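Below is coords.pdb, which holds PDB, C-alpha atoms.
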```
ATOM      1  CA  MET A 416       6.839  41.091 -91.932
ATOM      2  CA  LYS A 417       5.253  41.937 -95.266
ATOM      3  CA  GLY A 418       1.560  42.693 -95.379
ATOM      4  CA  ALA A 419      -0.772  41.253 -97.958
ATOM      5  CA  GLY A 420       0.102  42.803-101.289
ATOM      6  CA  ALA A 421       3.314  44.348 -99.961
ATOM      7  CA  ILE A 422       4.823  47.320-101.801
ATOM      8  CA  GLN A 423       7.841  45.176-102.673
ATOM      9  CA  ASP A 424       5.536  42.901-104.661
ATOM     10  CA  MET A 425       4.257  45.739-106.856
ATOM     11  CA  PRO A 426       5.876  46.461-110.229
ATOM     12  CA  ARG A 427       8.526  49.105-109.576
ATOM     13  CA  VAL A 428       6.911  51.647-111.920
ATOM     14  CA  GLU A 429       3.675  51.473-109.880
ATOM     15  CA  ARG A 430       5.261  52.195-106.509
ATOM     16  CA  PRO A 431       4.481  55.699-105.186
ATOM     17  CA  ARG A 432       8.071  56.957-104.999
ATOM     18  CA  GLU A 433       8.920  55.669-108.441
ATOM     19  CA  LYS A 434       5.730  57.240-109.826
ATOM     20  CA  ILE A 435       6.757  60.623-108.419
ATOM     21  CA  MET A 436      10.167  60.337-110.061
ATOM     22  CA  ARG A 437       8.647  59.214-113.340
ATOM     23  CA  TYR A 438       5.496  61.354-113.606
ATOM     24  CA  GLY A 439       5.671  64.028-110.892
ATOM     25  CA  PRO A 440       3.685  64.261-107.618
ATOM     26  CA  GLU A 441       0.614  65.787-109.271
ATOM     27  CA  LYS A 442      -0.099  62.449-110.965
ATOM     28  CA  LEU A 443      -0.418  60.507-107.714
ATOM     29  CA  ALA A 444      -3.638  59.789-105.845
ATOM     30  CA  ASP A 445      -4.070  61.109-102.304
ATOM     31  CA  GLU A 446      -3.291  57.767-100.688
ATOM     32  CA  GLU A 447      -0.132  57.423-102.783
ATOM     33  CA  LEU A 448       1.144  60.835-101.657
ATOM     34  CA  LEU A 449       0.417  59.994 -98.037
ATOM     35  CA  ALA A 450       2.163  56.649 -98.510
ATOM     36  CA  VAL A 451       5.334  58.487 -99.549
ATOM     37  CA  ILE A 452       5.229  60.455 -96.278
ATOM     38  CA  LEU A 453       4.571  57.315 -94.219
ATOM     39  CA  ARG A 454       7.296  55.319 -96.046
ATOM     40  CA  THR A 455       6.364  51.948 -94.508
ATOM     41  CA  GLY A 456       3.205  50.103 -93.609
ATOM     42  CA  ALA A 457       2.072  48.572 -90.340
ATOM     43  CA  ARG A 458       1.561  45.048 -89.079
ATOM     44  CA  GLY A 459      -0.451  43.106 -91.629
ATOM     45  CA  LYS A 460      -0.825  45.922 -94.181
ATOM     46  CA  ASN A 461       1.380  47.668 -96.682
ATOM     47  CA  VAL A 462       1.880  51.411 -96.743
ATOM     48  CA  LEU A 463      -0.778  52.030 -99.408
ATOM     49  CA  ASP A 464      -3.362  50.131 -97.383
ATOM     50  CA  LEU A 465      -2.403  52.095 -94.284
ATOM     51  CA  ALA A 466      -2.610  55.409 -96.136
ATOM     52  CA  GLY A 467      -6.035  54.530 -97.522
ATOM     53  CA  GLU A 468      -7.346  53.555 -94.084
ATOM     54  CA  LEU A 469      -6.082  56.808 -92.560
ATOM     55  CA  LEU A 470      -7.722  58.943 -95.239
ATOM     56  CA  LYS A 471     -10.978  57.076 -94.712
ATOM     57  CA  LYS A 472     -10.764  57.500 -90.934
ATOM     58  CA  PHE A 473     -10.174  61.251 -91.127
ATOM     59  CA  GLY A 474     -12.570  61.990 -93.982
ATOM     60  CA  GLY A 475     -10.112  62.216 -96.863
ATOM     61  CA  MET A 476      -7.956  65.312 -96.927
ATOM     62  CA  ASP A 477      -9.497  66.500 -93.667
ATOM     63  CA  ILE A 478      -6.559  64.597 -92.221
ATOM     64  CA  ALA A 479      -4.725  67.891 -92.780
ATOM     65  CA  LYS A 480      -6.860  69.392 -89.992
ATOM     66  CA  ALA A 481      -6.080  66.661 -87.469
ATOM     67  CA  GLY A 482      -3.988  67.500 -84.430
ATOM     68  CA  PHE A 483      -1.079  65.609 -82.917
ATOM     69  CA  GLY A 484      -3.211  63.730 -80.411
ATOM     70  CA  GLU A 485      -5.653  62.512 -83.056
ATOM     71  CA  LEU A 486      -2.898  61.361 -85.395
ATOM     72  CA  ARG A 487      -0.786  59.747 -82.696
ATOM     73  CA  GLY A 488      -3.729  57.618 -81.611
ATOM     74  CA  ALA A 489      -4.604  56.401 -85.107
ATOM     75  CA  PRO A 490      -3.831  52.724 -85.833
ATOM     76  CA  GLY A 491      -0.450  52.297 -87.493
ATOM     77  CA  LEU A 492       0.919  55.726 -86.616
ATOM     78  CA  GLY A 493       2.418  56.801 -83.293
ATOM     79  CA  PRO A 494       4.246  59.994 -82.282
ATOM     80  CA  VAL A 495       6.997  59.994 -84.929
ATOM     81  CA  ARG A 496       4.717  59.463 -87.893
ATOM     82  CA  ALA A 497       2.184  61.903 -86.462
ATOM     83  CA  CYS A 498       4.902  64.574 -86.377
ATOM     84  CA  GLU A 499       5.943  63.803 -89.951
ATOM     85  CA  ILE A 500       2.379  64.154 -91.217
ATOM     86  CA  LEU A 501       1.848  67.385 -89.280
ATOM     87  CA  ALA A 502       5.092  68.824 -90.653
ATOM     88  CA  ALA A 503       4.202  67.946 -94.248
ATOM     89  CA  PHE A 504       0.780  69.588 -94.104
ATOM     90  CA  GLU A 505       2.116  72.623 -92.233
ATOM     91  CA  LEU A 506       4.696  73.212 -94.967
ATOM     92  CA  GLY A 507       1.899  73.102 -97.524
ATOM     93  CA  ARG A 508      -0.201  75.570 -95.542
ATOM     94  CA  ARG A 509       2.693  77.986 -95.172
ATOM     95  CA  PHE A 510       3.384  77.858 -98.887
ATOM     96  CA  LEU A 511      -0.259  78.578 -99.702
ATOM     97  CA  ASN A 512      -0.507  81.355 -97.144
ATOM     98  CA  GLY A 513       2.851  82.817 -98.072
ATOM     99  CA  LYS A 514       3.741  83.457 -94.448
ATOM    100  CA  LYS A 515       5.500  82.016 -91.438
ATOM    101  CA  ALA A 516       3.800  80.021 -88.718
ATOM    102  CA  GLY A 517       0.798  81.743 -87.186
ATOM    103  CA  ILE A 518       1.912  83.408 -83.966
ATOM    104  CA  TYR A 519      -0.949  85.175 -82.246
ATOM    105  CA  LEU A 520      -0.056  87.844 -79.738
ATOM    106  CA  LYS A 521      -2.344  90.708 -80.772
ATOM    107  CA  PRO A 522      -6.133  90.931 -81.219
ATOM    108  CA  ARG A 523      -5.576  92.350 -84.704
ATOM    109  CA  ASP A 524      -3.914  89.080 -85.707
ATOM    110  CA  ILE A 525      -7.110  87.252 -84.791
ATOM    111  CA  TRP A 526      -9.286  89.804 -86.595
ATOM    112  CA  GLU A 527      -7.211  89.442 -89.764
ATOM    113  CA  GLU A 528      -7.345  85.646 -89.595
ATOM    114  CA  LEU A 529     -11.143  85.657 -89.292
ATOM    115  CA  ARG A 530     -11.901  87.585 -92.466
ATOM    116  CA  ASP A 531     -14.208  84.771 -93.600
ATOM    117  CA  VAL A 532     -16.196  84.961 -90.366
ATOM    118  CA  ARG A 533     -16.629  88.722 -90.009
ATOM    119  CA  ASP A 534     -19.517  88.935 -92.480
ATOM    120  CA  GLN A 535     -21.383  85.821 -91.366
ATOM    121  CA  LYS A 536     -25.058  86.354 -90.518
ATOM    122  CA  LYS A 537     -24.879  83.986 -87.554
ATOM    123  CA  GLU A 538     -22.517  84.025 -84.613
ATOM    124  CA  HIS A 539     -19.528  81.726 -85.089
ATOM    125  CA  PHE A 540     -17.425  80.779 -82.064
ATOM    126  CA  ILE A 541     -13.829  79.945 -82.975
ATOM    127  CA  VAL A 542     -11.011  78.587 -80.846
ATOM    128  CA  PHE A 543      -7.309  78.928 -81.689
ATOM    129  CA  TYR A 544      -5.255  76.181 -80.029
ATOM    130  CA  LEU A 545      -1.683  77.319 -79.388
ATOM    131  CA  ASP A 546       1.570  75.719 -78.296
ATOM    132  CA  THR A 547       4.035  77.092 -75.749
ATOM    133  CA  ARG A 548       5.348  79.614 -78.298
ATOM    134  CA  ASN A 549       1.844  80.850 -79.157
ATOM    135  CA  GLN A 550       2.031  79.144 -82.533
ATOM    136  CA  GLU A 551      -1.213  77.751 -83.866
ATOM    137  CA  ILE A 552      -1.655  74.010 -83.544
ATOM    138  CA  LYS A 553      -5.138  74.068 -85.031
ATOM    139  CA  ARG A 554      -8.352  76.044 -84.955
ATOM    140  CA  ASP A 555     -11.959  74.956 -84.724
ATOM    141  CA  ILE A 556     -15.371  76.477 -85.188
ATOM    142  CA  VAL A 557     -16.882  74.921 -82.087
ATOM    143  CA  SER A 558     -20.347  76.419 -82.389
ATOM    144  CA  ILE A 559     -22.604  78.307 -84.799
ATOM    145  CA  GLY A 560     -25.485  80.171 -83.215
ATOM    146  CA  THR A 561     -28.147  82.660 -84.282
ATOM    147  CA  LEU A 562     -28.040  86.324 -85.245
ATOM    148  CA  ASN A 563     -27.245  87.430 -81.707
ATOM    149  CA  TYR A 564     -26.750  84.324 -79.578
ATOM    150  CA  ASN A 565     -24.384  81.378 -79.451
ATOM    151  CA  LEU A 566     -24.448  78.594 -76.869
ATOM    152  CA  VAL A 567     -20.961  77.313 -76.043
ATOM    153  CA  HIS A 568     -19.963  74.859 -73.330
ATOM    154  CA  PRO A 569     -16.413  74.905 -71.899
ATOM    155  CA  ARG A 570     -16.130  71.195 -72.694
ATOM    156  CA  GLU A 571     -16.374  71.986 -76.421
ATOM    157  CA  VAL A 572     -13.457  74.381 -76.059
ATOM    158  CA  PHE A 573     -11.119  72.368 -73.862
ATOM    159  CA  GLU A 574     -11.627  68.782 -75.016
ATOM    160  CA  PRO A 575      -9.743  69.448 -78.299
ATOM    161  CA  ALA A 576      -7.181  71.495 -76.346
ATOM    162  CA  VAL A 577      -6.332  68.515 -74.149
ATOM    163  CA  LYS A 578      -6.360  66.109 -77.092
ATOM    164  CA  ASN A 579      -3.950  68.278 -79.086
ATOM    165  CA  LEU A 580      -1.679  69.160 -76.142
ATOM    166  CA  ALA A 581      -2.399  72.878 -76.394
ATOM    167  CA  ALA A 582      -0.689  75.151 -73.872
ATOM    168  CA  SER A 583      -3.186  77.971 -74.295
ATOM    169  CA  VAL A 584      -6.187  79.082 -76.324
ATOM    170  CA  ILE A 585      -7.606  82.258 -77.788
ATOM    171  CA  VAL A 586     -11.344  82.322 -78.337
ATOM    172  CA  ALA A 587     -13.180  84.624 -80.690
ATOM    173  CA  HIS A 588     -16.622  85.172 -82.130
ATOM    174  CA  ASN A 589     -18.289  87.525 -84.557
ATOM    175  CA  HIS A 590     -21.124  89.951 -83.885
ATOM    176  CA  PRO A 591     -23.310  90.078 -87.013
ATOM    177  CA  SER A 592     -24.951  93.247 -85.668
ATOM    178  CA  GLY A 593     -21.664  95.110 -86.024
ATOM    179  CA  CYS A 594     -21.743  96.104 -82.349
ATOM    180  CA  LEU A 595     -18.549  95.400 -80.419
ATOM    181  CA  GLU A 596     -20.147  95.681 -76.979
ATOM    182  CA  PRO A 597     -19.990  92.287 -75.206
ATOM    183  CA  SER A 598     -23.302  90.848 -74.072
ATOM    184  CA  ASP A 599     -23.940  89.540 -70.569
ATOM    185  CA  GLU A 600     -23.656  86.036 -72.042
ATOM    186  CA  ASP A 601     -20.261  86.916 -73.553
ATOM    187  CA  LEU A 602     -18.981  88.118 -70.194
ATOM    188  CA  SER A 603     -20.340  85.086 -68.348
ATOM    189  CA  LEU A 604     -18.889  82.624 -70.856
ATOM    190  CA  THR A 605     -15.487  84.286 -70.756
ATOM    191  CA  LYS A 606     -15.409  84.016 -66.977
ATOM    192  CA  ARG A 607     -16.331  80.315 -67.098
ATOM    193  CA  LEU A 608     -13.716  79.589 -69.763
ATOM    194  CA  VAL A 609     -10.974  81.321 -67.786
ATOM    195  CA  GLN A 610     -11.914  79.356 -64.664
ATOM    196  CA  ALA A 611     -12.021  76.052 -66.539
ATOM    197  CA  GLY A 612      -8.683  76.823 -68.165
ATOM    198  CA  LYS A 613      -7.063  77.418 -64.793
ATOM    199  CA  LEU A 614      -8.258  74.035 -63.562
ATOM    200  CA  LEU A 615      -6.827  72.319 -66.639
ATOM    201  CA  GLY A 616      -3.621  74.330 -66.817
ATOM    202  CA  ILE A 617      -4.581  75.749 -70.221
ATOM    203  CA  GLU A 618      -4.564  79.538 -70.221
ATOM    204  CA  VAL A 619      -7.246  81.515 -72.039
ATOM    205  CA  LEU A 620      -5.109  84.313 -73.469
ATOM    206  CA  ASP A 621      -7.929  86.448 -74.845
ATOM    207  CA  HIS A 622     -11.490  86.582 -76.096
ATOM    208  CA  VAL A 623     -11.869  88.689 -79.222
ATOM    209  CA  ILE A 624     -15.123  89.971 -80.717
ATOM    210  CA  VAL A 625     -14.866  90.702 -84.439
ATOM    211  CA  THR A 626     -17.044  92.602 -86.892
ATOM    212  CA  ARG A 627     -16.473  93.563 -90.506
ATOM    213  CA  GLU A 628     -14.703  96.792 -89.594
ATOM    214  CA  ALA A 629     -13.226  96.337 -86.122
ATOM    215  CA  PHE A 630     -12.498  94.129 -83.131
ATOM    216  CA  MET A 631     -12.619  94.217 -79.345
ATOM    217  CA  SER A 632     -10.264  92.416 -76.965
ATOM    218  CA  PHE A 633     -11.527  91.332 -73.553
ATOM    219  CA  LYS A 634      -7.907  91.304 -72.393
ATOM    220  CA  GLN A 635      -7.228  94.860 -73.480
ATOM    221  CA  LYS A 636     -10.491  96.060 -71.940
ATOM    222  CA  GLY A 637      -9.649  94.449 -68.611
ATOM    223  CA  LEU A 638     -12.639  92.104 -68.825
ATOM    224  CA  MET A 639     -10.693  88.934 -68.039
TER     225      MET A 639
END
```

Represent the supplied structure as structure tokens.
Amino acid sequence: MKGAGAIQDMPRVERPREKIMRYGPEKLADEELLAVILRTGARGKNVLDLAGELLKKFGGMDIAKAGFGELRGAPGLGPVRACEILAAFELGRRFLNGKKAGIYLKPRDIWEELRDVRDQKKEHFIVFYLDTRNQEIKRDIVSIGTLNYNLVHPREVFEPAVKNLAASVIVAHNHPSGCLEPSDEDLSLTKRLVQAGKLLGIEVLDHVIVTREAFMSFKQKGLM
């Protein structure tokens, strides 16, 4: 069934695919590019309407940060379209980064990825959500604290993990002081996260402290 203002009713030269062929993808608006990925609309709306609603729901191009669970649950999508959107944005990220999919097995990988966080004057707590092959599904800054303290609840770490079907997580935070020694709060939080992960079946692979010059792995130090 056609939605109101169906794509088929638009002049051919104004349809997203035809515009790409005629003018190139750089001339299309965000919703038109997303419409090309989606290909078809949903019940009662054409593909451009659906694309516009999705961009509005996810805050514009922040849709690129959405995980599988968030996309799958959005009106008009479902698992197949969610996968297609994820694949399209992942290809773009890999092109920009000039590297293969992020596979995190070593603390140094985390340290290198957090170059923008190392110099922050407040503690930032970051979670890497990984699939069964330790490839990054997404990452979140779940909390920003003070110079030497950051309050994090396990719920903030694991709710997105469940939503995005993560198999494991790596957590990390910076120490603005430059000291790599974990605080009592760091040790306590790590213990609680590991315990919560066991209950949920989501392994906490490591907790990494980063500074401008170095890093410290709880796993390597035998602290978890």

Original post:
Residues at most 8 Å from A:Phe630, counting all atoms listed in the file, excluding those fewer than 3 positions away in the same chain, as a ChimeraX atom specification?
Top reply: /A:522-523,526,595,623-626

Subject >> Contacts of A:Glu596 at 12 Å (all atoms listed in the file; same-chain gap of 4+ positions) as a list in words >> reply: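 The residues that qualify are Asn563, Asn589, His590, Pro591, Ser592, Glu600, Asp601, Leu602, Val623, Ile624, Val625, Thr626, Ala629, Phe630, Met631, Ser632, Phe633, Lys636 and Leu638 of chain A.
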
Go ahead and save the residues from that selection, with C-alpha atoms, as a tab-separated table (two decimals), keeping the file's coordinate frame.
```tsv
chain	number	residue	atom	x	y	z
A	563	ASN	CA	-27.24	87.43	-81.71
A	589	ASN	CA	-18.29	87.52	-84.56
A	590	HIS	CA	-21.12	89.95	-83.88
A	591	PRO	CA	-23.31	90.08	-87.01
A	592	SER	CA	-24.95	93.25	-85.67
A	600	GLU	CA	-23.66	86.04	-72.04
A	601	ASP	CA	-20.26	86.92	-73.55
A	602	LEU	CA	-18.98	88.12	-70.19
A	623	VAL	CA	-11.87	88.69	-79.22
A	624	ILE	CA	-15.12	89.97	-80.72
A	625	VAL	CA	-14.87	90.70	-84.44
A	626	THR	CA	-17.04	92.60	-86.89
A	629	ALA	CA	-13.23	96.34	-86.12
A	630	PHE	CA	-12.50	94.13	-83.13
A	631	MET	CA	-12.62	94.22	-79.34
A	632	SER	CA	-10.26	92.42	-76.96
A	633	PHE	CA	-11.53	91.33	-73.55
A	636	LYS	CA	-10.49	96.06	-71.94
A	638	LEU	CA	-12.64	92.10	-68.82
```

Subject >> Atomic distance atom CA of A:Val532 - atom CA of A:Thr547, expressed in Å with one decimal >> reply: 26.2 Å

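In this comparison, which uses only C-alpha atoms, the residue of A:Ile552, A:Leu492, A:Ile435, A:Val542 approaching A:Phe504 most closely is A:Ile552.
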
Subject >> Gap from atom CA of A:Val584 to atom CA of A:Asp555 - Å, one decimal >> reply: 11.0 Å

Original post:
Applied to the shown file, which residues does the PyMOL selection byres ((chain A and resi 540) around 6) return, written as a list of chain:residue names?
Top reply: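 With the shown file as input, the PyMOL selection byres ((chain A and resi 540) around 6) matches A:His539, A:Ile541, A:Ile556, A:Val557, A:Ser558, A:Ala587, A:His588.
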
Original post:
Written as a ChimeraX atom specification, what is the full residue list that the PyMOL selection byres ((chain A and resi 437-450) around 10) yields on the file shown?
Top reply: /A:428-436,451-456,461-471,475-476,500,503

Subject >> Atom pair atom CA of A:Asn549 / atom CA of A:Leu520: separation (Å) >> reply: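 Distance reported for this atom pair: 7.3 Å.
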
Original post:
With only C-alpha atoms as the basis for distance, which of A:Lys460, A:Glu551, A:Pro426, A:Gly493 is at the shortest distance from A:Lys480?
Top reply: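 Closest residue, counting only C-alpha atoms: A:Glu551.
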
Original post:
Can you list, as a ChimeraX atom specification, the residues that the PyMOL selection byres ((chain A and resi 484) around 12) selects here?
Top reply: /A:480-483,485-489,492-498,501,552-553,574-581

Near-stretch 605-610 of chain A list (7 Å; all atoms listed in the file; drop same-chain fewer than 4 positions) as a PDB file with C-alpha atoms, in the frame of the given file:
```pdb
ATOM      1  CA  PRO A 569     -16.413  74.905 -71.899  1.00  0.00           C
ATOM      2  CA  ASP A 601     -20.261  86.916 -73.553  1.00  0.00           C
ATOM      3  CA  LEU A 614      -8.258  74.035 -63.562  1.00  0.00           C
ATOM      4  CA  VAL A 619      -7.246  81.515 -72.039  1.00  0.00           C
ATOM      5  CA  MET A 639     -10.693  88.934 -68.039  1.00  0.00           C
TER       6      MET A 639
END
```

Subject >> Among listed residues A:Val586, A:Ile617, A:Cys594, A:Leu506, nearest A:Lys634 (using all atoms listed in the file) >> reply: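 Closest residue, counting all atoms listed in the file: A:Val586.
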
**OP:** Kindly indicate which residue among A:Glu538, A:Ala611, A:Pro597, A:Tyr544 lies nearest to A:Gly560, using all atoms listed in the file for the distances.
**Re:** A:Glu538

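Nearest to A:Leu545 of all the residues A:Ala479, A:Ala582, A:Leu604, A:Leu620 is A:Ala582, based on all atoms listed in the file.
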
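The closest residue to A:Asp546, picked from A:Ile559, A:Gly507, A:Ile585, A:Glu499 and counting all atoms listed in the file, is A:Ile585.
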
Please, can stretch 438-451 of chain A be completed to N, CA and C atoms and returned as a PDB file, in the frame of the given file?
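Ended up saving to part.pdb:
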```pdb
ATOM      1  N   TYR A 438       6.595  60.536-113.084  1.00  0.00           N
ATOM      2  CA  TYR A 438       5.496  61.354-113.606  1.00  0.00           C
ATOM      3  C   TYR A 438       5.311  62.691-112.889  1.00  0.00           C
ATOM      4  N   GLY A 439       5.903  62.828-111.687  1.00  0.00           N
ATOM      5  CA  GLY A 439       5.671  64.028-110.892  1.00  0.00           C
ATOM      6  C   GLY A 439       4.593  63.784-109.847  1.00  0.00           C
ATOM      7  N   PRO A 440       4.623  64.514-108.721  1.00  0.00           N
ATOM      8  CA  PRO A 440       3.685  64.261-107.618  1.00  0.00           C
ATOM      9  C   PRO A 440       2.233  64.546-107.962  1.00  0.00           C
ATOM     10  N   GLU A 441       2.000  65.442-108.929  1.00  0.00           N
ATOM     11  CA  GLU A 441       0.614  65.787-109.271  1.00  0.00           C
ATOM     12  C   GLU A 441      -0.145  64.628-109.896  1.00  0.00           C
ATOM     13  N   LYS A 442       0.552  63.594-110.333  1.00  0.00           N
ATOM     14  CA  LYS A 442      -0.099  62.449-110.965  1.00  0.00           C
ATOM     15  C   LYS A 442      -0.507  61.370-109.963  1.00  0.00           C
ATOM     16  N   LEU A 443      -0.122  61.533-108.711  1.00  0.00           N
ATOM     17  CA  LEU A 443      -0.418  60.507-107.714  1.00  0.00           C
ATOM     18  C   LEU A 443      -1.747  60.765-107.025  1.00  0.00           C
ATOM     19  N   ALA A 444      -2.410  59.686-106.637  1.00  0.00           N
ATOM     20  CA  ALA A 444      -3.638  59.789-105.845  1.00  0.00           C
ATOM     21  C   ALA A 444      -3.281  60.197-104.421  1.00  0.00           C
ATOM     22  N   ASP A 445      -4.304  60.641-103.672  1.00  0.00           N
ATOM     23  CA  ASP A 445      -4.070  61.109-102.304  1.00  0.00           C
ATOM     24  C   ASP A 445      -3.384  60.052-101.444  1.00  0.00           C
ATOM     25  N   GLU A 446      -3.872  58.803-101.542  1.00  0.00           N
ATOM     26  CA  GLU A 446      -3.291  57.767-100.688  1.00  0.00           C
ATOM     27  C   GLU A 446      -1.845  57.459-101.082  1.00  0.00           C
ATOM     28  N   GLU A 447      -1.512  57.649-102.358  1.00  0.00           N
ATOM     29  CA  GLU A 447      -0.132  57.423-102.783  1.00  0.00           C
ATOM     30  C   GLU A 447       0.798  58.504-102.223  1.00  0.00           C
ATOM     31  N   LEU A 448       0.332  59.756-102.222  1.00  0.00           N
ATOM     32  CA  LEU A 448       1.144  60.835-101.657  1.00  0.00           C
ATOM     33  C   LEU A 448       1.357  60.634-100.161  1.00  0.00           C
ATOM     34  N   LEU A 449       0.284  60.246 -99.469  1.00  0.00           N
ATOM     35  CA  LEU A 449       0.417  59.994 -98.037  1.00  0.00           C
ATOM     36  C   LEU A 449       1.342  58.810 -97.781  1.00  0.00           C
ATOM     37  N   ALA A 450       1.293  57.818 -98.656  1.00  0.00           N
ATOM     38  CA  ALA A 450       2.163  56.649 -98.510  1.00  0.00           C
ATOM     39  C   ALA A 450       3.635  57.041 -98.602  1.00  0.00           C
ATOM     40  N   VAL A 451       3.947  58.024 -99.437  1.00  0.00           N
ATOM     41  CA  VAL A 451       5.334  58.487 -99.549  1.00  0.00           C
ATOM     42  C   VAL A 451       5.795  59.101 -98.229  1.00  0.00           C
TER      43      VAL A 451
END
```
